[in-house]
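Coordinates as given in query30.csv (CSV, C-alpha atoms):
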chain,number,residue,atom,x,y,z
A,16,MET,CA,8.4,2.4,5.0
A,17,LEU,CA,11.5,0.6,6.2
A,18,LYS,CA,14.3,-0.1,3.7
A,19,LYS,CA,14.4,-3.7,2.4
A,20,PHE,CA,17.6,-5.9,2.5
A,21,GLU,CA,18.7,-9.1,0.9
A,22,LEU,CA,21.0,-10.7,3.4
A,23,SER,CA,22.8,-14.0,3.8
A,24,LEU,CA,22.2,-14.9,7.4
A,25,THR,CA,24.0,-17.6,9.4
A,26,ILE,CA,22.1,-20.2,11.4
A,27,VAL,CA,23.0,-20.0,15.1
A,28,GLU,CA,20.6,-22.7,16.1
A,29,ASN,CA,17.9,-24.9,14.5
A,30,LYS,CA,15.8,-25.9,17.4
A,31,PRO,CA,12.8,-28.4,17.2
A,32,LEU,CA,9.8,-27.2,19.2
A,33,ASN,CA,7.5,-30.1,18.8
A,34,ASN,CA,6.7,-32.7,16.1
A,35,SER,CA,5.7,-29.9,13.6
A,36,PHE,CA,7.4,-26.7,14.6
A,37,PHE,CA,11.0,-25.6,14.7
A,38,LYS,CA,12.8,-22.4,15.4
A,39,LEU,CA,15.7,-20.9,13.3
A,40,ILE,CA,17.9,-18.4,15.2
A,41,LEU,CA,19.9,-16.4,12.7
A,42,THR,CA,22.6,-13.8,12.8
A,43,HIS,CA,24.7,-11.6,10.5
A,44,SER,CA,28.2,-10.1,10.4
A,45,GLU,CA,26.7,-6.6,10.4
A,46,PRO,CA,24.0,-5.2,12.7
A,47,LEU,CA,20.5,-6.4,11.7
A,48,PRO,CA,18.2,-3.8,10.1
A,49,LYS,CA,15.3,-2.3,11.9
A,50,MET,CA,12.2,-4.6,12.0
A,51,VAL,CA,8.8,-3.9,13.5
A,52,PRO,CA,6.3,-6.4,15.0
A,53,GLY,CA,4.0,-7.9,12.4
A,54,GLN,CA,6.5,-7.7,9.5
A,55,PHE,CA,7.7,-10.9,7.8
A,56,VAL,CA,10.7,-12.2,5.8
A,57,GLU,CA,11.0,-14.2,2.5
A,58,VAL,CA,13.3,-17.1,2.8
A,59,LYS,CA,15.1,-18.6,-0.2
A,60,VAL,CA,15.2,-22.5,0.0
A,61,ASP,CA,18.4,-23.5,-1.8
A,62,ASN,CA,19.3,-27.0,-3.1
A,63,THR,CA,15.6,-28.1,-3.2
A,64,PRO,CA,14.5,-28.6,-6.9
A,65,SER,CA,10.8,-28.8,-6.1
A,66,VAL,CA,10.8,-25.4,-4.4
A,67,TYR,CA,10.9,-22.4,-6.8
A,68,LEU,CA,9.6,-19.5,-4.7
A,69,ARG,CA,10.8,-18.0,-1.4
A,70,ARG,CA,8.8,-18.9,1.7
A,71,PRO,CA,7.1,-16.1,3.7
A,72,ILE,CA,7.8,-16.4,7.4
A,73,SER,CA,6.7,-14.1,10.2
A,74,ILE,CA,9.2,-12.5,12.5
A,75,ASN,CA,9.1,-14.3,15.8
A,76,ASP,CA,11.7,-12.2,17.7
A,77,VAL,CA,14.6,-9.8,17.1
A,78,ASP,CA,17.4,-9.4,19.7
A,79,TYR,CA,19.5,-6.4,18.7
A,80,ASN,CA,21.9,-7.0,21.6
A,81,ALA,CA,22.7,-10.5,20.4
A,82,ASN,CA,22.1,-9.5,16.8
A,83,THR,CA,19.8,-12.4,16.2
A,84,LEU,CA,16.6,-12.9,14.3
A,85,SER,CA,14.2,-15.8,15.3
A,86,LEU,CA,11.8,-17.5,13.0
A,87,VAL,CA,9.3,-20.1,14.2
A,88,ILE,CA,8.3,-22.3,11.3
A,89,LYS,CA,5.8,-25.1,10.8
A,90,ASN,CA,7.0,-28.1,8.7
A,91,VAL,CA,4.2,-28.4,6.2
A,92,GLY,CA,5.8,-29.0,2.8
A,93,ASP,CA,9.0,-29.4,0.8
A,94,GLY,CA,10.3,-25.9,1.5
A,95,THR,CA,9.8,-25.8,5.2
A,96,ASN,CA,10.9,-29.5,5.5
A,97,ALA,CA,14.2,-28.5,3.8
A,98,LEU,CA,14.6,-25.6,6.2
A,99,SER,CA,14.0,-27.9,9.2
A,100,LYS,CA,17.1,-29.9,8.2
A,101,ARG,CA,19.5,-27.0,7.9
A,102,SER,CA,22.4,-27.0,10.4
A,103,LYS,CA,24.2,-24.5,12.6
A,104,GLY,CA,26.7,-22.5,10.5
A,105,GLU,CA,24.8,-22.8,7.2
A,106,LYS,CA,23.8,-19.7,5.3
A,107,ILE,CA,20.3,-18.8,4.4
A,108,ASN,CA,19.4,-16.0,1.9
A,109,ILE,CA,16.6,-13.8,3.3
A,110,LEU,CA,14.7,-10.8,2.0
A,111,LEU,CA,13.7,-8.5,4.9
A,112,PRO,CA,11.8,-6.7,6.4
A,113,LEU,CA,8.6,-7.0,4.4
A,114,GLY,CA,5.1,-5.6,4.8
A,115,ASN,CA,3.6,-3.3,7.4
A,116,GLY,CA,3.4,-4.2,11.0
A,117,TYR,CA,1.0,-3.7,13.9
A,118,THR,CA,0.1,-0.3,15.3
A,119,LEU,CA,1.7,-0.1,18.7
A,120,ILE,CA,-0.4,1.5,21.4
A,121,GLU,CA,1.5,3.6,23.9
A,122,LYS,CA,-0.4,2.7,27.1
A,123,GLY,CA,-3.3,0.6,28.4
A,124,LYS,CA,-4.1,-3.0,28.1
A,125,ALA,CA,-3.6,-5.3,25.0
A,126,LEU,CA,-4.7,-8.8,24.3
A,127,LEU,CA,-2.6,-10.7,21.7
A,128,VAL,CA,-4.6,-13.6,20.2
A,129,GLY,CA,-2.9,-16.4,18.2
A,130,GLY,CA,-3.7,-19.8,16.8
A,131,GLY,CA,-1.3,-22.4,15.3
A,132,VAL,CA,1.8,-20.8,13.7
A,133,GLY,CA,0.0,-17.5,14.2
A,134,ILE,CA,1.4,-17.3,17.7
A,135,ALA,CA,4.9,-16.8,16.3
A,136,PRO,CA,4.8,-13.0,15.6
A,137,LEU,CA,3.0,-12.2,18.9
A,138,LEU,CA,6.2,-12.7,21.0
A,139,TYR,CA,8.1,-9.8,19.3
A,140,LEU,CA,4.9,-7.7,19.4
A,141,GLY,CA,4.4,-8.4,23.1
A,142,LYS,CA,8.0,-7.4,24.0
A,143,ASN,CA,7.6,-4.1,22.1
A,144,LEU,CA,4.3,-3.3,23.8
A,145,ARG,CA,5.7,-4.1,27.2
A,146,SER,CA,8.7,-1.9,26.6
A,147,LYS,CA,6.2,1.0,26.2
A,148,GLY,CA,4.5,0.1,29.5
A,149,VAL,CA,1.5,-1.6,28.0
A,150,ASP,CA,-0.2,-4.4,30.1
A,151,VAL,CA,0.1,-7.5,27.8
A,152,ALA,CA,-1.8,-10.7,27.9
A,153,PHE,CA,-1.7,-13.6,25.4
A,154,LEU,CA,-4.6,-15.8,24.4
A,155,LEU,CA,-3.2,-18.8,22.5
A,156,GLY,CA,-5.2,-21.6,20.9
A,157,PHE,CA,-4.1,-25.1,20.0
A,158,LYS,CA,-5.9,-28.2,18.7
A,159,VAL,CA,-4.3,-30.6,21.3
A,160,LYS,CA,-1.6,-30.5,23.9
A,161,SER,CA,1.0,-32.0,21.6
A,162,ASP,CA,0.7,-28.9,19.3
A,163,MET,CA,1.9,-26.6,22.1
A,164,ILE,CA,5.4,-25.2,22.2
A,165,ASP,CA,7.4,-24.0,25.2
A,166,LEU,CA,5.6,-20.7,26.2
A,167,SER,CA,8.1,-19.5,28.8
A,168,ASP,CA,9.2,-16.6,26.6
A,169,TYR,CA,5.6,-15.5,26.3
A,170,GLU,CA,5.1,-15.9,30.1
A,171,ALA,CA,8.0,-13.6,30.7
A,172,VAL,CA,6.2,-10.9,28.9
A,173,GLY,CA,2.6,-11.2,30.2
A,174,ASN,CA,-0.2,-13.5,31.3
A,175,VAL,CA,-0.7,-16.4,29.0
A,176,PHE,CA,-4.2,-18.0,28.6
A,177,ILE,CA,-4.6,-21.3,26.7
A,178,THR,CA,-7.4,-23.0,24.9
A,179,THR,CA,-7.3,-26.5,23.3
A,180,GLU,CA,-10.1,-27.9,21.2
A,181,ASP,CA,-10.1,-31.2,23.1
A,182,GLY,CA,-9.6,-29.5,26.5
A,183,SER,CA,-6.3,-31.3,27.2
A,184,VAL,CA,-4.8,-27.9,28.3
A,185,GLY,CA,-6.5,-24.8,29.5
A,186,VAL,CA,-10.1,-24.0,28.5
A,187,LYS,CA,-11.8,-26.4,26.1
A,188,GLY,CA,-12.8,-25.0,22.8
A,189,PHE,CA,-11.6,-22.1,20.6
A,190,VAL,CA,-10.0,-18.9,21.7
A,191,THR,CA,-13.4,-17.2,21.7
A,192,ASN,CA,-14.6,-19.7,24.4
A,193,HIS,CA,-12.1,-18.2,26.9
A,194,SER,CA,-13.6,-15.7,29.4
A,195,CYS,CA,-10.6,-13.4,29.2
A,196,ILE,CA,-11.7,-12.3,25.7
A,197,LYS,CA,-14.7,-10.6,27.3
A,198,GLU,CA,-12.5,-8.3,29.5
A,199,HIS,CA,-11.8,-4.7,28.6
A,200,TYR,CA,-8.8,-4.0,26.3
A,201,ASP,CA,-7.5,-0.9,24.6
A,202,MET,CA,-6.3,-3.0,21.7
A,203,MET,CA,-6.6,-6.6,20.4
A,204,TYR,CA,-4.0,-8.0,18.0
A,205,VAL,CA,-4.7,-11.3,16.2
A,206,CYS,CA,-2.8,-13.7,14.0
A,207,GLY,CA,-3.9,-17.2,13.0
A,208,PRO,CA,-6.3,-19.2,10.8
A,209,THR,CA,-8.9,-17.0,9.0
A,210,PRO,CA,-12.0,-18.4,10.8
A,211,MET,CA,-10.4,-17.8,14.2
A,212,MET,CA,-9.4,-14.2,13.3
A,213,LYS,CA,-12.9,-13.4,12.0
A,214,ASN,CA,-14.5,-14.7,15.2
A,215,VAL,CA,-12.1,-12.7,17.3
A,216,ALA,CA,-12.8,-9.6,15.2
A,217,LYS,CA,-16.6,-10.1,15.8
A,218,GLU,CA,-15.9,-10.1,19.6
A,219,ALA,CA,-13.9,-6.9,19.2
A,220,ILE,CA,-16.7,-5.3,17.3
A,221,ALA,CA,-19.2,-6.3,19.9
A,222,THR,CA,-17.2,-4.7,22.7
A,223,GLY,CA,-16.1,-1.7,20.7
A,224,THR,CA,-12.4,-2.7,20.9
A,225,GLU,CA,-9.8,-1.6,18.4
A,226,CYS,CA,-8.4,-4.7,16.6
A,227,GLU,CA,-5.8,-5.5,14.0
A,228,LEU,CA,-5.5,-8.8,12.1
A,229,SER,CA,-2.4,-10.2,10.3
A,230,LEU,CA,-3.7,-12.0,7.2
A,231,GLU,CA,-2.2,-15.3,6.0
A,232,ASN,CA,-2.9,-15.1,2.3
A,233,MET,CA,-0.6,-17.1,0.1
A,234,MET,CA,2.3,-14.8,-0.7
A,235,ALA,CA,4.9,-15.5,-3.5
A,236,CYS,CA,7.0,-12.4,-4.2
A,237,GLY,CA,6.4,-10.5,-0.9
A,238,LEU,CA,6.8,-7.2,-2.7
A,239,GLY,CA,3.3,-6.6,-4.2
A,240,ALA,CA,4.5,-7.4,-7.7
A,241,CYS,CA,2.9,-10.7,-8.5
A,242,LEU,CA,-0.6,-9.9,-7.2
A,243,GLY,CA,-1.0,-13.4,-5.9
A,244,CYS,CA,-2.1,-12.4,-2.4
A,245,VAL,CA,-4.7,-9.7,-3.3
A,246,THR,CA,-7.6,-9.4,-0.8
A,247,GLN,CA,-10.8,-7.4,-1.1
A,248,THR,CA,-11.1,-4.5,1.4
A,249,LYS,CA,-13.6,-1.7,1.9
A,250,GLU,CA,-11.2,0.5,0.0
A,251,GLY,CA,-10.8,-2.0,-2.9
A,252,HIS,CA,-8.3,-4.7,-3.7
A,253,LYS,CA,-5.0,-4.6,-1.7
A,254,CYS,CA,-1.9,-6.8,-1.7
A,255,VAL,CA,-1.5,-8.5,1.7
A,256,CYS,CA,2.3,-8.7,1.4
A,257,SER,CA,2.8,-5.0,0.7
A,258,ASP,CA,-0.3,-3.2,2.0
A,259,GLY,CA,-0.5,-5.6,5.0
A,260,PRO,CA,-0.2,-8.2,6.2
A,261,VAL,CA,-1.7,-6.3,9.2
A,262,PHE,CA,-5.0,-4.6,8.6
A,263,ASN,CA,-7.4,-2.9,11.0
A,264,ILE,CA,-10.7,-4.7,11.2
A,265,ASN,CA,-12.5,-1.6,10.0
A,266,GLU,CA,-10.7,-2.0,6.6
A,267,LEU,CA,-11.8,-5.6,6.1
A,268,ILE,CA,-14.9,-7.2,4.8
A,269,LEU,CA,-15.4,-9.8,7.5
A,270,SER,CA,-18.6,-11.4,6.2
A,271,GLU,CA,-16.9,-13.2,3.3
Translate the structure of the given file into structure tokens.
Amino acid sequence: MLKKFELSLTIVENKPLNNSFFKLILTHSEPLPKMVPGQFVEVKVDNTPSVYLRRPISINDVDYNANTLSLVIKNVGDGTNALSKRSKGEKINILLPLGNGYTLIEKGKALLVGGGVGIAPLLYLGKNLRSKGVDVAFLLGFKVKSDMIDLSDYEAVGNVFITTEDGSVGVKGFVTNHSCIKEHYDMMYVCGPTPMMKNVAKEAIATGTECELSLENMMACGLGACLGCVTQTKEGHKCVCSDGPVFNINELILSE
């Protein structure tokens, strides 16, 4: 398991992505620690009396050459709203890296499926897979066109397939309505709303495809101490923050 750090990172850029999402690009005076795709960080929200706990945020990208960490965040409450107003040059206290990441295949073809803020960790995952020579494709689902962000970084890594619930972009419906999910893959990686992930998992089971999900249980401490994110698996109760957030579908009870 990778060593954990508590670091005061400096904001390089706070970039709005649409009406709900923004990206924080952060750096440090020392080289950033090793982080693997699928891990997350816990962000301390200072000067916000209504926010007591750190906020868990998935790792969107790490650029070791530029020594930057990118976090794509959805503005959904007091904590994330406060972070959306932070400016270039400000410091943010972050605990990282946390949890266990995705299992990286060494060859073959991978489909990375995301919905909503669940598309965030798939960029760093896709870059790591591509560096190994894996053929990467993204299947990204949104409710409507206005929910989309700039996907050029994803397009630079692999083919990008889109679904929207209203059909305003790409295929109409959910990610499981896209024909690309029926193709052969050596691995499927998924992150997003629980119903979406369960439906993708069922597709993977039907085709005999290996598949890993990143669960989005509410996490407080991020270290497995508070037991607030416990989930039932075939091997008993496990903490999503410390035993996951990534689990193989063979470990999970998907019928619940």
Write out as a list in words each polymer residue whose atoms come within 12 Å of His252 in chain A, counting all atoms listed in the file; drop sequence neighbours fewer than 2 positions from it.
Gly239, Leu242, Gly243, Cys244, Val245, Thr246, Gln247, Thr248, Lys249, Glu250, Cys254, Val255, Ser257, Asp258, Gly259, Glu266, Leu267 and Ile268 of chain A
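In this model, the gap between CA of Asn62 in chain A and CA of Ser23 in chain A comes to 15.1 Å.
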Once you count all atoms listed in the file, which residues end up no further than 8 Å from (3.4, -30.1, 17.8) in the file's frame, shown as a list in words?
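Counting all atoms listed in the file, I find these residues within 8 Å of (3.4, -30.1, 17.8): Leu32, Asn33, Asn34, Ser35, Phe36, Lys160, Ser161, Asp162, Met163 and Ile164 of chain A.
Note that CA of Lys158 in chain A and CA of Val58 in chain A are 27.3 Å apart.
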Contact residues around Tyr200 in chain A with only C-alpha atoms at 8 Å, ignoring same-chain residues under 4 positions, as a list in words
Gly123, Lys124, Ala125, Leu126 and Thr224 of chain A
Which residue gives the smallest distance to Pro210 in chain A among A:Ile134, A:Gly173, A:Gly129, A:Leu140, with all atoms listed in the file counted?
A:Gly129
d(CA of Thr209 in chain A, CA of Val184 in chain A) in Å:
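Interatomic distance here is 22.5 Å.
Here the question is which of A:Gly114, A:Pro31, A:Gly251, A:Pro64 gets nearest to Met234 in chain A using only C-alpha atoms, and that residue is A:Gly114.
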Report, as lines of an AutoDock Vina configuration file, the centre and edge lengths in Å (one decimal) of the axis-aligned box enclosing every listed atom of range 199-206 of chain A, padded by 8 Å on each side.
center_x = -7.3
center_y = -7.3
center_z = 21.3
size_x = 25.0
size_y = 28.8
size_z = 30.6
Looking at A:Met203, A:Ile74, A:Val60, A:Met50, which one is nearest to Ile88 in chain A, with distances taken over all atoms listed in the file?
A:Ile74
Val51 in chain A surroundings by only C-alpha atoms, 10 Å radius, close-in-sequence under 4 positions cut, as a ChimeraX atom specification:
/A:17,55,74,76-77,112-119,139-140,143
Would you list the contacts of Leu144 in chain A as a list in words, taking every protein, DNA or RNA residue within 9 Å and counting all atoms listed in the file, but skipping same-chain residues closer than 6 positions in sequence?
Leu119, Ile120, Glu121, Lys122, Ala125, Asp150 and Val151 of chain A
Residues near Lys49 in chain A, anyone? I mean within 12 Å using all atoms listed in the file, not counting same-chain ones fewer than 3 positions away, as JSON, numbers by chain.
{"A": [16, 17, 18, 19, 20, 46, 52, 54, 74, 77, 78, 79, 82, 83, 84, 111, 112, 113]}
Since the input is missing atoms, can you rebuild N, CA and C atoms for range 166-196 of chain A and write them as a PDB file, in the coordinates of the input?
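After the write, result_28.pdb holds the following:
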ATOM      1  N   LEU A 166       6.197 -22.096  26.130  1.00  0.00           N
ATOM      2  CA  LEU A 166       5.600 -20.700  26.200  1.00  0.00           C
ATOM      3  C   LEU A 166       6.321 -19.861  27.220  1.00  0.00           C
ATOM      4  N   SER A 167       7.472 -20.274  27.730  1.00  0.00           N
ATOM      5  CA  SER A 167       8.100 -19.500  28.800  1.00  0.00           C
ATOM      6  C   SER A 167       8.515 -18.108  28.352  1.00  0.00           C
ATOM      7  N   ASP A 168       8.887 -17.934  27.082  1.00  0.00           N
ATOM      8  CA  ASP A 168       9.200 -16.600  26.600  1.00  0.00           C
ATOM      9  C   ASP A 168       7.992 -15.685  26.608  1.00  0.00           C
ATOM     10  N   TYR A 169       6.842 -16.238  26.312  1.00  0.00           N
ATOM     11  CA  TYR A 169       5.600 -15.500  26.300  1.00  0.00           C
ATOM     12  C   TYR A 169       5.234 -15.141  27.800  1.00  0.00           C
ATOM     13  N   GLU A 170       5.404 -16.111  28.682  1.00  0.00           N
ATOM     14  CA  GLU A 170       5.100 -15.900  30.100  1.00  0.00           C
ATOM     15  C   GLU A 170       5.940 -14.861  30.746  1.00  0.00           C
ATOM     16  N   ALA A 171       7.143 -14.645  30.202  1.00  0.00           N
ATOM     17  CA  ALA A 171       8.000 -13.600  30.700  1.00  0.00           C
ATOM     18  C   ALA A 171       7.556 -12.211  30.337  1.00  0.00           C
ATOM     19  N   VAL A 172       6.656 -12.142  29.360  1.00  0.00           N
ATOM     20  CA  VAL A 172       6.200 -10.900  28.900  1.00  0.00           C
ATOM     21  C   VAL A 172       4.824 -10.480  29.474  1.00  0.00           C
ATOM     22  N   GLY A 173       3.946 -11.465  29.652  1.00  0.00           N
ATOM     23  CA  GLY A 173       2.600 -11.200  30.200  1.00  0.00           C
ATOM     24  C   GLY A 173       1.871 -12.457  30.527  1.00  0.00           C
ATOM     25  N   ASN A 174       0.649 -12.323  31.004  1.00  0.00           N
ATOM     26  CA  ASN A 174      -0.200 -13.500  31.300  1.00  0.00           C
ATOM     27  C   ASN A 174      -0.480 -14.266  30.049  1.00  0.00           C
ATOM     28  N   VAL A 175      -0.473 -15.586  30.172  1.00  0.00           N
ATOM     29  CA  VAL A 175      -0.700 -16.400  29.000  1.00  0.00           C
ATOM     30  C   VAL A 175      -1.975 -17.299  29.314  1.00  0.00           C
ATOM     31  N   PHE A 176      -2.993 -17.178  28.470  1.00  0.00           N
ATOM     32  CA  PHE A 176      -4.200 -18.000  28.600  1.00  0.00           C
ATOM     33  C   PHE A 176      -4.231 -18.961  27.412  1.00  0.00           C
ATOM     34  N   ILE A 177      -4.645 -20.191  27.696  1.00  0.00           N
ATOM     35  CA  ILE A 177      -4.600 -21.300  26.700  1.00  0.00           C
ATOM     36  C   ILE A 177      -5.962 -21.875  26.485  1.00  0.00           C
ATOM     37  N   THR A 178      -6.239 -22.192  25.219  1.00  0.00           N
ATOM     38  CA  THR A 178      -7.400 -23.000  24.900  1.00  0.00           C
ATOM     39  C   THR A 178      -6.902 -24.189  24.026  1.00  0.00           C
ATOM     40  N   THR A 179      -7.530 -25.346  24.172  1.00  0.00           N
ATOM     41  CA  THR A 179      -7.300 -26.500  23.300  1.00  0.00           C
ATOM     42  C   THR A 179      -8.663 -27.024  22.879  1.00  0.00           C
ATOM     43  N   GLU A 180      -8.763 -27.468  21.649  1.00  0.00           N
ATOM     44  CA  GLU A 180     -10.100 -27.900  21.200  1.00  0.00           C
ATOM     45  C   GLU A 180     -10.569 -29.151  21.901  1.00  0.00           C
ATOM     46  N   ASP A 181      -9.631 -29.980  22.399  1.00  0.00           N
ATOM     47  CA  ASP A 181     -10.100 -31.200  23.100  1.00  0.00           C
ATOM     48  C   ASP A 181     -10.025 -30.995  24.634  1.00  0.00           C
ATOM     49  N   GLY A 182      -9.640 -29.810  25.101  1.00  0.00           N
ATOM     50  CA  GLY A 182      -9.600 -29.500  26.500  1.00  0.00           C
ATOM     51  C   GLY A 182      -8.433 -30.156  27.268  1.00  0.00           C
ATOM     52  N   SER A 183      -7.418 -30.634  26.538  1.00  0.00           N
ATOM     53  CA  SER A 183      -6.300 -31.300  27.200  1.00  0.00           C
ATOM     54  C   SER A 183      -5.416 -30.290  27.967  1.00  0.00           C
ATOM     55  N   VAL A 184      -5.465 -29.010  27.599  1.00  0.00           N
ATOM     56  CA  VAL A 184      -4.800 -27.900  28.300  1.00  0.00           C
ATOM     57  C   VAL A 184      -5.677 -26.712  28.315  1.00  0.00           C
ATOM     58  N   GLY A 185      -5.765 -26.021  29.433  1.00  0.00           N
ATOM     59  CA  GLY A 185      -6.500 -24.800  29.500  1.00  0.00           C
ATOM     60  C   GLY A 185      -8.009 -24.979  29.291  1.00  0.00           C
ATOM     61  N   VAL A 186      -8.640 -23.982  28.709  1.00  0.00           N
ATOM     62  CA  VAL A 186     -10.100 -24.000  28.500  1.00  0.00           C
ATOM     63  C   VAL A 186     -10.395 -24.811  27.219  1.00  0.00           C
ATOM     64  N   LYS A 187     -11.417 -25.647  27.284  1.00  0.00           N
ATOM     65  CA  LYS A 187     -11.800 -26.400  26.100  1.00  0.00           C
ATOM     66  C   LYS A 187     -12.543 -25.588  25.111  1.00  0.00           C
ATOM     67  N   GLY A 188     -12.144 -25.747  23.846  1.00  0.00           N
ATOM     68  CA  GLY A 188     -12.800 -25.000  22.800  1.00  0.00           C
ATOM     69  C   GLY A 188     -11.861 -24.115  22.018  1.00  0.00           C
ATOM     70  N   PHE A 189     -12.422 -23.074  21.422  1.00  0.00           N
ATOM     71  CA  PHE A 189     -11.600 -22.100  20.600  1.00  0.00           C
ATOM     72  C   PHE A 189     -11.272 -20.920  21.492  1.00  0.00           C
ATOM     73  N   VAL A 190     -10.444 -20.036  20.955  1.00  0.00           N
ATOM     74  CA  VAL A 190     -10.000 -18.900  21.700  1.00  0.00           C
ATOM     75  C   VAL A 190     -11.208 -18.025  22.177  1.00  0.00           C
ATOM     76  N   THR A 191     -12.241 -17.978  21.356  1.00  0.00           N
ATOM     77  CA  THR A 191     -13.400 -17.200  21.700  1.00  0.00           C
ATOM     78  C   THR A 191     -14.230 -17.798  22.849  1.00  0.00           C
ATOM     79  N   ASN A 192     -13.891 -19.028  23.244  1.00  0.00           N
ATOM     80  CA  ASN A 192     -14.600 -19.700  24.400  1.00  0.00           C
ATOM     81  C   ASN A 192     -13.927 -19.262  25.714  1.00  0.00           C
ATOM     82  N   HIS A 193     -12.775 -18.604  25.672  1.00  0.00           N
ATOM     83  CA  HIS A 193     -12.100 -18.200  26.900  1.00  0.00           C
ATOM     84  C   HIS A 193     -12.691 -16.924  27.461  1.00  0.00           C
ATOM     85  N   SER A 194     -12.938 -16.905  28.747  1.00  0.00           N
ATOM     86  CA  SER A 194     -13.600 -15.700  29.400  1.00  0.00           C
ATOM     87  C   SER A 194     -12.743 -14.478  29.283  1.00  0.00           C
ATOM     88  N   CYS A 195     -11.423 -14.628  29.152  1.00  0.00           N
ATOM     89  CA  CYS A 195     -10.600 -13.400  29.200  1.00  0.00           C
ATOM     90  C   CYS A 195     -10.843 -12.526  27.963  1.00  0.00           C
ATOM     91  N   ILE A 196     -11.412 -13.076  26.899  1.00  0.00           N
ATOM     92  CA  ILE A 196     -11.700 -12.300  25.700  1.00  0.00           C
ATOM     93  C   ILE A 196     -12.809 -11.273  25.939  1.00  0.00           C
TER      94      ILE A 196
END
